[in-house]
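Heads up, run_31.txt below (compact mmCIF, C-alpha atoms):
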# COMPACT_ATOMS: atom_id res chain seq x y z
CA MET D 298 -5.75 41.86 -3.89
CA THR D 299 -8.99 40.04 -3.06
CA SER D 300 -11.29 39.23 -5.93
CA GLY D 301 -14.30 39.08 -3.59
CA PRO D 302 -17.40 36.99 -4.12
CA LEU D 303 -18.20 38.75 -7.39
CA PRO D 304 -15.48 38.07 -9.98
CA GLN D 305 -16.34 41.08 -12.17
CA ARG D 306 -16.36 43.50 -9.22
CA ASP D 307 -13.03 45.22 -9.88
CA ALA D 308 -13.66 45.63 -13.59
CA ILE D 309 -17.12 47.09 -12.92
CA LEU D 310 -15.77 49.49 -10.31
CA ARG D 311 -13.00 50.66 -12.62
CA ALA D 312 -15.51 51.36 -15.39
CA ALA D 313 -17.87 53.09 -12.93
CA ILE D 314 -15.09 55.39 -11.71
CA GLY D 315 -14.12 56.18 -15.31
CA ILE D 316 -17.73 57.11 -16.07
CA GLY D 317 -17.83 59.15 -12.84
CA ILE D 318 -14.76 61.21 -13.81
CA TYR D 319 -16.31 61.94 -17.19
CA ALA D 320 -19.55 62.88 -15.40
CA ALA D 321 -17.71 65.26 -13.07
CA ALA D 322 -16.23 67.07 -16.08
CA PHE D 323 -19.57 67.08 -17.87
CA GLY D 324 -21.29 68.26 -14.66
CA ALA D 325 -18.76 71.09 -14.32
CA ALA D 326 -19.54 72.16 -17.88
CA PHE D 327 -23.23 72.12 -16.98
CA GLY D 328 -22.72 74.15 -13.80
CA ALA D 329 -20.72 76.79 -15.65
CA VAL D 330 -23.19 77.03 -18.55
CA SER D 331 -26.13 77.14 -16.12
CA VAL D 332 -24.90 80.12 -14.09
CA ALA D 333 -23.73 81.76 -17.33
CA SER D 334 -27.33 81.44 -18.56
CA GLY D 335 -28.56 83.37 -15.52
CA LEU D 336 -29.65 80.59 -13.17
CA SER D 337 -28.70 80.85 -9.52
CA MET D 338 -26.44 78.34 -7.80
CA ALA D 339 -29.46 76.86 -5.96
CA GLN D 340 -31.41 76.49 -9.21
CA THR D 341 -28.42 74.83 -10.85
CA MET D 342 -28.12 72.32 -8.02
CA VAL D 343 -31.87 71.52 -7.92
CA LEU D 344 -31.60 70.63 -11.61
CA SER D 345 -28.61 68.36 -10.99
CA LEU D 346 -30.15 66.71 -7.90
CA VAL D 347 -33.76 66.28 -9.03
CA MET D 348 -33.71 66.33 -12.84
CA PHE D 349 -30.38 64.40 -12.96
CA SER D 350 -30.26 63.89 -16.73
CA GLY D 351 -27.58 65.78 -18.65
CA ALA D 352 -29.33 66.41 -21.95
CA SER D 353 -32.56 67.58 -20.25
CA GLN D 354 -30.61 69.86 -17.92
CA PHE D 355 -28.61 71.51 -20.72
CA ALA D 356 -31.77 71.94 -22.80
CA PHE D 357 -33.63 73.48 -19.87
CA VAL D 358 -31.00 76.12 -19.09
CA GLY D 359 -30.35 76.84 -22.78
CA ILE D 360 -34.01 77.49 -23.57
CA ALA D 361 -35.09 79.05 -20.27
CA ALA D 362 -32.31 81.62 -20.61
CA SER D 363 -33.14 82.79 -24.13
CA ALA D 364 -36.92 82.30 -24.34
CA GLY D 365 -39.38 84.93 -23.21
CA SER D 366 -40.87 82.52 -20.67
CA PRO D 367 -39.01 79.80 -18.76
CA PHE D 368 -42.04 77.54 -19.28
CA ALA D 369 -40.93 77.15 -22.92
CA ALA D 370 -38.08 75.00 -21.55
CA VAL D 371 -40.33 72.49 -19.73
CA GLY D 372 -41.53 70.59 -22.84
CA PRO D 373 -38.10 70.01 -24.40
CA ALA D 374 -36.60 68.96 -21.03
CA LEU D 375 -39.41 66.42 -20.48
CA LEU D 376 -39.27 65.06 -24.03
CA LEU D 377 -35.53 64.51 -23.68
CA GLY D 378 -36.30 62.62 -20.45
CA VAL D 379 -38.65 60.19 -22.21
CA ARG D 380 -35.78 57.85 -23.09
CA ASN D 381 -35.07 57.34 -19.38
CA ALA D 382 -38.61 55.96 -19.01
CA LEU D 383 -37.85 53.46 -21.78
CA TYR D 384 -34.61 52.46 -20.02
CA GLY D 385 -36.85 51.42 -17.13
CA VAL D 386 -37.82 48.25 -19.04
CA PRO D 387 -34.43 46.48 -19.00
CA VAL D 388 -33.52 47.99 -15.62
CA SER D 389 -36.65 46.80 -13.80
CA GLU D 390 -36.18 43.33 -15.35
CA ILE D 391 -32.72 43.26 -13.74
CA LEU D 392 -33.49 44.84 -10.38
CA HIS D 393 -37.15 44.01 -9.67
CA PRO D 394 -37.05 46.93 -7.25
CA GLY D 395 -39.84 47.21 -4.70
CA GLY D 396 -40.99 49.87 -2.22
CA TRP D 397 -38.61 52.70 -1.37
CA LEU D 398 -35.80 51.02 -3.30
CA ARG D 399 -37.75 51.62 -6.49
CA LEU D 400 -38.01 55.34 -5.69
CA LEU D 401 -34.23 55.45 -5.33
CA ALA D 402 -33.43 53.21 -8.32
CA ALA D 403 -35.71 55.28 -10.57
CA GLN D 404 -33.60 58.39 -10.11
CA LEU D 405 -30.47 56.51 -11.23
CA VAL D 406 -31.97 55.22 -14.51
CA VAL D 407 -29.97 57.18 -17.11
CA ASP D 408 -27.88 56.38 -20.22
CA GLU D 409 -24.74 55.32 -18.36
CA THR D 410 -26.30 53.08 -15.68
CA THR D 411 -28.51 51.32 -18.26
CA ALA D 412 -25.55 50.71 -20.56
CA MET D 413 -23.38 49.40 -17.70
CA ALA D 414 -26.09 47.15 -16.21
CA THR D 415 -27.23 45.62 -19.48
CA GLY D 416 -23.61 45.11 -20.55
CA GLN D 417 -22.89 42.48 -17.83
CA THR D 418 -23.38 38.75 -18.21
CA THR D 419 -24.84 37.60 -14.86
CA VAL D 420 -27.78 38.99 -12.91
CA ARG D 421 -25.58 39.66 -9.86
CA ALA D 422 -23.05 41.55 -11.97
CA LYS D 423 -25.85 43.51 -13.64
CA ARG D 424 -27.27 44.59 -10.30
CA TYR D 425 -23.85 45.48 -8.92
CA ALA D 426 -23.03 47.45 -12.09
CA PHE D 427 -26.29 49.41 -11.88
CA TRP D 428 -25.84 50.47 -8.26
CA ALA D 429 -22.08 51.09 -8.41
CA THR D 430 -22.33 53.16 -11.59
CA GLY D 431 -25.44 54.97 -10.41
CA LEU D 432 -24.08 56.01 -7.02
CA VAL D 433 -20.63 57.06 -8.32
CA LEU D 434 -22.25 58.92 -11.21
CA PHE D 435 -24.76 60.72 -8.98
CA ALA D 436 -22.14 61.81 -6.44
CA LEU D 437 -19.64 63.06 -9.02
CA TRP D 438 -22.32 64.75 -11.13
CA GLN D 439 -23.28 66.84 -8.07
CA LEU D 440 -19.66 67.67 -7.21
CA GLY D 441 -18.95 68.63 -10.82
CA SER D 442 -22.07 70.80 -11.10
CA LEU D 443 -21.20 72.63 -7.89
CA ALA D 444 -17.58 73.22 -8.95
CA GLY D 445 -18.69 74.44 -12.38
CA ALA D 446 -21.28 76.79 -10.90
CA VAL D 447 -18.75 78.27 -8.46
CA LEU D 448 -16.18 78.69 -11.23
CA GLY D 449 -18.76 80.03 -13.71
CA ARG D 450 -19.71 82.70 -11.20
CA ALA D 451 -16.14 83.91 -10.91
CA ILE D 452 -15.52 84.48 -14.62
CA ASP D 453 -17.12 86.30 -17.55
CA PRO D 454 -18.69 83.41 -19.50
CA ALA D 455 -18.61 85.10 -22.92
CA ALA D 456 -14.92 86.03 -22.61
CA PHE D 457 -14.11 82.38 -21.89
CA GLY D 458 -16.15 81.15 -24.84
CA LEU D 459 -18.64 79.33 -22.65
CA ASP D 460 -21.52 80.09 -25.02
CA ALA D 461 -19.92 77.59 -27.42
CA ALA D 462 -19.87 74.97 -24.65
CA ALA D 463 -23.53 73.89 -24.78
CA PRO D 464 -23.72 73.16 -28.54
CA ALA D 465 -20.30 71.46 -28.40
CA VAL D 466 -21.43 69.27 -25.50
CA PHE D 467 -24.62 68.31 -27.36
CA LEU D 468 -22.60 67.35 -30.43
CA ALA D 469 -20.32 65.20 -28.27
CA LEU D 470 -23.43 63.49 -26.83
CA LEU D 471 -24.91 62.94 -30.29
CA TRP D 472 -21.76 61.77 -32.02
CA PRO D 473 -21.55 58.11 -30.97
CA ARG D 474 -25.22 57.60 -31.88
CA LEU D 475 -24.80 58.83 -35.45
CA ARG D 476 -23.11 55.65 -36.72
CA SER D 477 -26.08 54.26 -38.63
CA ARG D 478 -27.35 56.07 -41.70
CA GLY D 479 -30.92 56.11 -40.35
CA ALA D 480 -29.79 57.84 -37.14
CA ALA D 481 -27.82 60.43 -39.09
CA TRP D 482 -30.87 61.24 -41.21
CA VAL D 483 -33.05 61.63 -38.13
CA ALA D 484 -30.52 64.11 -36.70
CA ILE D 485 -30.24 66.07 -39.96
CA CYS D 486 -34.03 66.26 -40.43
CA GLY D 487 -34.49 67.25 -36.77
CA ALA D 488 -31.97 70.07 -37.19
CA ALA D 489 -33.58 71.21 -40.46
CA VAL D 490 -37.10 71.31 -38.99
CA ALA D 491 -35.89 73.25 -35.95
CA VAL D 492 -33.94 75.78 -38.03
CA LEU D 493 -36.86 76.39 -40.40
CA LEU D 494 -39.15 77.15 -37.46
CA VAL D 495 -36.82 79.64 -35.73
CA PRO D 496 -38.31 82.81 -37.28
CA VAL D 497 -41.95 81.70 -36.97
CA ALA D 498 -42.28 79.73 -33.71
CA PRO D 499 -41.64 80.78 -30.10
CA LEU D 500 -38.45 79.44 -28.52
CA GLY D 501 -38.68 75.86 -27.32
CA VAL D 502 -41.19 75.00 -30.06
CA PRO D 503 -38.59 74.35 -32.82
CA VAL D 504 -36.90 71.75 -30.58
CA ILE D 505 -40.25 70.08 -29.77
CA ALA D 506 -41.06 70.05 -33.50
CA ALA D 507 -37.75 68.23 -34.06
CA ALA D 508 -39.08 65.50 -31.73
CA ALA D 509 -41.87 64.91 -34.25
CA VAL D 510 -39.19 63.76 -36.73
CA ALA D 511 -38.13 61.09 -34.22
CA VAL D 512 -41.72 59.93 -33.69
CA ILE D 513 -42.41 59.70 -37.44
CA ALA D 514 -39.11 57.95 -38.18
CA GLY D 515 -39.62 55.54 -35.28
CA LEU D 516 -43.19 54.60 -36.23
CA LEU D 517 -42.49 54.13 -39.93
CA PRO D 518 -42.36 50.50 -40.96
CA ASN D 519 -38.61 50.42 -41.28
CA GLN D 520 -37.59 47.07 -42.71
CA ARG D 521 -34.69 48.42 -44.75
CA ALA D 522 -33.12 50.32 -41.88
CA GLY D 523 -33.43 47.20 -39.71
CA HIS D 524 -31.61 45.09 -42.29
CA ALA D 525 -28.99 47.78 -42.81
CA SER D 526 -28.16 48.02 -39.11
CA LYS D 527 -28.01 44.22 -38.79
CA ALA D 528 -25.68 44.07 -41.78
CA ALA D 529 -23.49 46.78 -40.22
CA GLU D 530 -23.25 44.83 -36.97
CA SER D 531 -22.19 41.56 -38.58
CA MET P 169 -41.52 82.16 -6.14
CA THR P 170 -40.37 83.25 -9.58
CA ALA P 171 -41.62 81.77 -12.85
CA LEU P 172 -38.15 80.30 -13.40
CA TRP P 173 -38.35 78.35 -10.13
CA VAL P 174 -41.84 77.05 -10.95
CA ALA P 175 -40.82 75.95 -14.46
CA LEU P 176 -37.63 74.39 -13.07
CA ILE P 177 -39.46 72.36 -10.44
CA ILE P 178 -42.16 71.18 -12.89
CA ALA P 179 -39.50 70.04 -15.39
CA SER P 180 -37.31 68.42 -12.71
CA VAL P 181 -40.11 66.52 -10.96
CA GLY P 182 -41.53 65.60 -14.38
CA CYS P 183 -38.20 64.09 -15.45
CA TYR P 184 -38.10 62.06 -12.22
CA LEU P 185 -41.68 60.85 -12.70
CA LEU P 186 -40.78 59.70 -16.23
CA LYS P 187 -38.00 57.54 -14.76
CA LEU P 188 -40.32 56.25 -12.03
CA ALA P 189 -42.99 55.39 -14.61
CA GLY P 190 -40.38 53.43 -16.56
CA VAL P 191 -39.52 51.15 -13.63
CA SER P 192 -43.17 50.90 -12.50
CA LEU P 193 -45.22 50.34 -15.65
CA PRO P 194 -45.88 46.80 -16.85
CA THR P 195 -43.01 45.87 -19.17
CA SER P 196 -45.34 45.13 -22.09
CA ALA P 197 -46.44 48.78 -22.25
CA LEU P 198 -42.97 50.01 -23.20
CA ASN P 199 -41.24 46.96 -24.60
CA GLN P 200 -42.35 47.31 -28.22
CA PRO P 201 -39.94 47.77 -31.13
CA ARG P 202 -41.62 50.95 -32.40
CA VAL P 203 -41.76 52.57 -28.97
CA GLN P 204 -38.10 51.64 -28.43
CA ARG P 205 -37.13 53.09 -31.78
CA VAL P 206 -38.95 56.37 -31.11
CA ALA P 207 -37.11 56.57 -27.78
CA GLU P 208 -33.80 55.96 -29.51
CA PHE P 209 -34.48 58.65 -32.12
CA LEU P 210 -35.89 61.30 -29.73
CA PRO P 211 -32.57 62.53 -28.30
CA LEU P 212 -30.98 62.41 -31.78
CA ALA P 213 -33.57 64.65 -33.42
CA MET P 214 -33.94 66.97 -30.42
CA LEU P 215 -30.25 67.43 -29.63
CA ALA P 216 -29.50 68.06 -33.32
CA GLY P 217 -32.38 70.53 -33.39
CA LEU P 218 -31.11 72.23 -30.25
CA VAL P 219 -27.55 72.58 -31.59
CA ALA P 220 -28.85 74.03 -34.86
CA VAL P 221 -31.16 76.47 -33.07
CA GLN P 222 -28.40 77.62 -30.74
CA LEU P 223 -26.20 78.38 -33.73
CA VAL P 224 -28.71 80.39 -35.80
CA ASP P 225 -31.24 81.85 -33.36
CA GLY P 226 -30.91 85.51 -32.49
CA GLY P 227 -34.21 85.63 -30.58
CA GLY P 228 -36.87 84.75 -33.15
CA HIS P 229 -34.81 85.70 -36.20
CA TYR P 230 -31.70 84.29 -37.84
CA ALA P 231 -28.44 85.65 -36.46
CA ILE P 232 -25.07 83.95 -36.43
CA ASP P 233 -22.40 84.60 -33.84
CA TRP P 234 -19.22 83.76 -35.76
CA PRO P 235 -16.90 83.07 -32.80
CA THR P 236 -19.45 80.57 -31.40
CA LEU P 237 -19.91 78.94 -34.81
CA ALA P 238 -16.13 78.64 -35.23
CA GLY P 239 -15.80 77.12 -31.76
CA VAL P 240 -18.46 74.51 -32.52
CA GLY P 241 -16.82 73.87 -35.91
CA ALA P 242 -13.55 73.19 -34.10
CA ALA P 243 -15.44 70.81 -31.79
CA VAL P 244 -16.66 68.90 -34.86
CA VAL P 245 -13.04 68.57 -36.05
CA ALA P 246 -12.06 67.25 -32.60
CA LEU P 247 -14.93 64.73 -32.77
CA LEU P 248 -13.88 63.63 -36.26
CA LEU P 249 -10.40 63.05 -34.82
CA ARG P 250 -12.09 60.84 -32.18
CA ARG P 251 -11.06 63.03 -29.24
CA GLY P 252 -12.67 62.62 -25.82
CA PHE P 253 -15.28 64.84 -24.21
CA MET P 254 -12.83 67.13 -22.40
CA VAL P 255 -10.79 67.83 -25.57
CA VAL P 256 -13.97 68.63 -27.50
CA PHE P 257 -15.22 70.91 -24.74
CA PHE P 258 -11.96 72.85 -24.31
CA THR P 259 -11.39 73.09 -28.08
CA ALA P 260 -14.80 74.74 -28.52
CA ILE P 261 -14.47 77.28 -25.71
CA THR P 262 -10.81 78.08 -26.47
CA VAL P 263 -11.43 78.81 -30.16
CA THR P 264 -14.46 80.96 -29.31
CA ALA P 265 -12.63 82.83 -26.55
CA LEU P 266 -9.56 83.49 -28.75
CA LEU P 267 -11.68 84.77 -31.64
CA ARG P 268 -13.50 87.11 -29.24
CA LEU P 269 -10.14 88.35 -27.99
CA VAL P 270 -8.79 89.24 -31.44
CA THR P 271 -11.96 90.63 -33.04

Could the structure of this file be written out as structure tokens, please?
Amino acid sequence: MTSGPLPQRDAILRAAIGIGIYAAAFGAAFGAVSVASGLSMAQTMVLSLVMFSGASQFAFVGIAASAGSPFAAVGPALLLGVRNALYGVPVSEILHPGGWLRLLAAQLVVDETTAMATGQTTVRAKRYAFWATGLVLFALWQLGSLAGAVLGRAIDPAAFGLDAAAPAVFLALLWPRLRSRGAAWVAICGAAVAVLLVPVAPLGVPVIAAAAVAVIAGLLPNQRAGHASKAAES
Amino acid sequence: MTALWVALIIASVGCYLLKLAGVSLPTSALNQPRVQRVAEFLPLAMLAGLVAVQLVDGGGHYAIDWPTLAGVGAAVVALLLRRGFMVVFFTAITVTALLRLVT
């Protein structure tokens, strides 16, 4: 076995493939939920190819399907995509992408690639981790979405319990982020605000209102939470 | 072109432009603790809100679908037991499907 010029290459590739397998499963869940929500196969694949951000995609199909107008789903999908813009800060410091490479790199800036790239120790390893994870993730996300959409077409989604899939997937996404007490409170308050608004606001609005909780909590001078999270880390 | 296609393309291109803005804007514009914290909290509040809405919304009024709620409850148990994504996913849909079958 050759170690190659980059010593961390094998470890990075193994992690990237692990993330890719998870993404294929997650993508299949998305494809199935999307066609179960009434989107066509083409619409499902445009979301996976162009939007390429799991939480935004699930939110879009979930809200577009049940709201009176599909435009109610645009705001929540975009707001959930805001964090990818913030990931651009560490990623562009690592890659310094220029020209057409930036157009390509931008599409790959998601939770997993940012975590993998920033988790390496050298600049070369960071760059390799970003591209390896991004390309594996993108390819397997598309394959998974397609497989899920094909499968979802062939079965009756309600009989197979697929309507429980979207909330379960969201919870699985949320779970690892709930470790700190501050984060848990933000989630609970977001849920409470959204639930209270269900009977009075059009669909899509309760979820956007939940975003206001995040903005308020994030802008508050939060010395105590900062100390608490530092204490938890040490 | 249907309204669904138009909304889908606006949201998809918008999500891409957000990513492009992130790797194009001067770092100082986004690299502030408060902005970072809002970005960290946004998916938490919104995903929690979305889960809650999906469980209680019957189209503008409260309505609970018990098999779905039980399936998501089972998913929470799987998460508490530190199971992986696939276990959580299949636990939720299996419990919901079985309850639909017997009720």

Show which residues sit within 6 Å of segment 221-228 of chain P, as a list in words. Count only C-alpha atoms, and ignore same-chain residues fewer than 2 positions away.
-> Val492, Val495 and Pro496 of chain D; Leu218, Val219, Tyr230, Ala231 and Ile232 of chain P

Got a sec: who's within 10 Å of Gly241 of chain P, counting all atoms listed in the file, leaving out chain neighbours fewer than 3 positions off, as a ChimeraX atom specification?
-> /D:461,465 /P:235-238,244-247,259-260,263-264

Dump as a short mmCIF file (atom, residue, chain, number, x, y, z; two decimals), in the coordinates of the input, selection limited to C-alpha atoms:
data_model
loop_
_atom_site.label_atom_id
_atom_site.label_comp_id
_atom_site.auth_asym_id
_atom_site.auth_seq_id
_atom_site.Cartn_x
_atom_site.Cartn_y
_atom_site.Cartn_z
CA ALA D 461 -19.92 77.59 -27.42
CA ALA D 465 -20.30 71.46 -28.40
CA PRO P 235 -16.90 83.07 -32.80
CA THR P 236 -19.45 80.57 -31.40
CA LEU P 237 -19.91 78.94 -34.81
CA ALA P 238 -16.13 78.64 -35.23
CA VAL P 244 -16.66 68.90 -34.86
CA VAL P 245 -13.04 68.57 -36.05
CA ALA P 246 -12.06 67.25 -32.60
CA LEU P 247 -14.93 64.73 -32.77
CA THR P 259 -11.39 73.09 -28.08
CA ALA P 260 -14.80 74.74 -28.52
CA VAL P 263 -11.43 78.81 -30.16
CA THR P 264 -14.46 80.96 -29.31
#

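Closest approach to Phe257 of chain P among D:Ala462, D:Leu383, D:Ile318, D:Val371 is made by D:Ala462 (distances from all atoms listed in the file).
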
Starting from chain D, keep only residues with some atom at most 6 Å from an atom of chain P, counting only C-alpha atoms, and report them as an NGL selection string.
-> :D and (347-348 or 367-368 or 371 or 375 or 377-378 or 380-383 or 385-386 or 389 or 403 or 456-459 or 461-462 or 464-465 or 483-484 or 487-488 or 491-492 or 495-496 or 504 or 507-508 or 511-512 or 515-516)

Store the residues of this selection in a file with C-alpha atoms, as a PDB file, keeping the file's coordinate frame.
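As a result, part_19.pdb now contains:
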ATOM      1  CA  VAL D 347     -33.760  66.280  -9.030  1.00  0.00           C
ATOM      2  CA  MET D 348     -33.710  66.330 -12.840  1.00  0.00           C
ATOM      3  CA  PRO D 367     -39.010  79.800 -18.760  1.00  0.00           C
ATOM      4  CA  PHE D 368     -42.040  77.540 -19.280  1.00  0.00           C
ATOM      5  CA  VAL D 371     -40.330  72.490 -19.730  1.00  0.00           C
ATOM      6  CA  LEU D 375     -39.410  66.420 -20.480  1.00  0.00           C
ATOM      7  CA  LEU D 377     -35.530  64.510 -23.680  1.00  0.00           C
ATOM      8  CA  GLY D 378     -36.300  62.620 -20.450  1.00  0.00           C
ATOM      9  CA  ARG D 380     -35.780  57.850 -23.090  1.00  0.00           C
ATOM     10  CA  ASN D 381     -35.070  57.340 -19.380  1.00  0.00           C
ATOM     11  CA  ALA D 382     -38.610  55.960 -19.010  1.00  0.00           C
ATOM     12  CA  LEU D 383     -37.850  53.460 -21.780  1.00  0.00           C
ATOM     13  CA  GLY D 385     -36.850  51.420 -17.130  1.00  0.00           C
ATOM     14  CA  VAL D 386     -37.820  48.250 -19.040  1.00  0.00           C
ATOM     15  CA  SER D 389     -36.650  46.800 -13.800  1.00  0.00           C
ATOM     16  CA  ALA D 403     -35.710  55.280 -10.570  1.00  0.00           C
ATOM     17  CA  ALA D 456     -14.920  86.030 -22.610  1.00  0.00           C
ATOM     18  CA  PHE D 457     -14.110  82.380 -21.890  1.00  0.00           C
ATOM     19  CA  GLY D 458     -16.150  81.150 -24.840  1.00  0.00           C
ATOM     20  CA  LEU D 459     -18.640  79.330 -22.650  1.00  0.00           C
ATOM     21  CA  ALA D 461     -19.920  77.590 -27.420  1.00  0.00           C
ATOM     22  CA  ALA D 462     -19.870  74.970 -24.650  1.00  0.00           C
ATOM     23  CA  PRO D 464     -23.720  73.160 -28.540  1.00  0.00           C
ATOM     24  CA  ALA D 465     -20.300  71.460 -28.400  1.00  0.00           C
ATOM     25  CA  VAL D 483     -33.050  61.630 -38.130  1.00  0.00           C
ATOM     26  CA  ALA D 484     -30.520  64.110 -36.700  1.00  0.00           C
ATOM     27  CA  GLY D 487     -34.490  67.250 -36.770  1.00  0.00           C
ATOM     28  CA  ALA D 488     -31.970  70.070 -37.190  1.00  0.00           C
ATOM     29  CA  ALA D 491     -35.890  73.250 -35.950  1.00  0.00           C
ATOM     30  CA  VAL D 492     -33.940  75.780 -38.030  1.00  0.00           C
ATOM     31  CA  VAL D 495     -36.820  79.640 -35.730  1.00  0.00           C
ATOM     32  CA  PRO D 496     -38.310  82.810 -37.280  1.00  0.00           C
ATOM     33  CA  VAL D 504     -36.900  71.750 -30.580  1.00  0.00           C
ATOM     34  CA  ALA D 507     -37.750  68.230 -34.060  1.00  0.00           C
ATOM     35  CA  ALA D 508     -39.080  65.500 -31.730  1.00  0.00           C
ATOM     36  CA  ALA D 511     -38.130  61.090 -34.220  1.00  0.00           C
ATOM     37  CA  VAL D 512     -41.720  59.930 -33.690  1.00  0.00           C
ATOM     38  CA  GLY D 515     -39.620  55.540 -35.280  1.00  0.00           C
ATOM     39  CA  LEU D 516     -43.190  54.600 -36.230  1.00  0.00           C
TER      40      LEU D 516
END

What separates atom CA of Leu310 of chain D and atom CA of Leu432 of chain D is a distance of 11.1 Å

Shortest contact to Leu500 of chain D, candidates D:Leu303, D:Ile314, D:Leu517, D:Ala362, atoms counted all atoms listed in the file, goes to D:Ala362

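Interatomic distance, atom CA of Leu405 of chain D against atom CA of Ala429 of chain D: 10.4 Å.
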
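Put simply, atom CA of Ala480 of chain D is 21.2 Å away from atom CA of Ala463 of chain D.
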
Which polymer residues have any atom within 12 Å of an atom of Ala446 of chain D, counting all atoms listed in the file, with same-chain residues fewer than 5 positions away left out, as an mmCIF file with C-alpha atoms, in the frame of the given file?
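What landed in part_27.cif:
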data_model
loop_
_atom_site.group_PDB
_atom_site.id
_atom_site.type_symbol
_atom_site.label_atom_id
_atom_site.label_comp_id
_atom_site.auth_asym_id
_atom_site.auth_seq_id
_atom_site.Cartn_x
_atom_site.Cartn_y
_atom_site.Cartn_z
ATOM 1 C CA GLY D 324 -21.290 68.260 -14.660
ATOM 2 C CA ALA D 325 -18.760 71.090 -14.320
ATOM 3 C CA ALA D 326 -19.540 72.160 -17.880
ATOM 4 C CA PHE D 327 -23.230 72.120 -16.980
ATOM 5 C CA GLY D 328 -22.720 74.150 -13.800
ATOM 6 C CA ALA D 329 -20.720 76.790 -15.650
ATOM 7 C CA VAL D 330 -23.190 77.030 -18.550
ATOM 8 C CA SER D 331 -26.130 77.140 -16.120
ATOM 9 C CA VAL D 332 -24.900 80.120 -14.090
ATOM 10 C CA ALA D 333 -23.730 81.760 -17.330
ATOM 11 C CA SER D 334 -27.330 81.440 -18.560
ATOM 12 C CA GLY D 335 -28.560 83.370 -15.520
ATOM 13 C CA LEU D 336 -29.650 80.590 -13.170
ATOM 14 C CA SER D 337 -28.700 80.850 -9.520
ATOM 15 C CA MET D 338 -26.440 78.340 -7.800
ATOM 16 C CA ALA D 339 -29.460 76.860 -5.960
ATOM 17 C CA GLN D 340 -31.410 76.490 -9.210
ATOM 18 C CA THR D 341 -28.420 74.830 -10.850
ATOM 19 C CA MET D 342 -28.120 72.320 -8.020
ATOM 20 C CA SER D 345 -28.610 68.360 -10.990
ATOM 21 C CA GLN D 439 -23.280 66.840 -8.070
ATOM 22 C CA LEU D 440 -19.660 67.670 -7.210
ATOM 23 C CA GLY D 441 -18.950 68.630 -10.820
ATOM 24 C CA ALA D 451 -16.140 83.910 -10.910
ATOM 25 C CA ILE D 452 -15.520 84.480 -14.620
ATOM 26 C CA PRO D 454 -18.690 83.410 -19.500
#

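Here the selection is built from all atoms listed in the file, and the residues within 9 Å of (-39.8, 75.5, -25.9) turn out to be Phe357, Ile360, Ala361, Ala364, Ser366, Pro367, Phe368, Ala369, Ala370, Val371, Gly372, Pro373, Ala374, Pro499, Leu500, Gly501, Val502, Pro503, Val504 and Ile505 of chain D.
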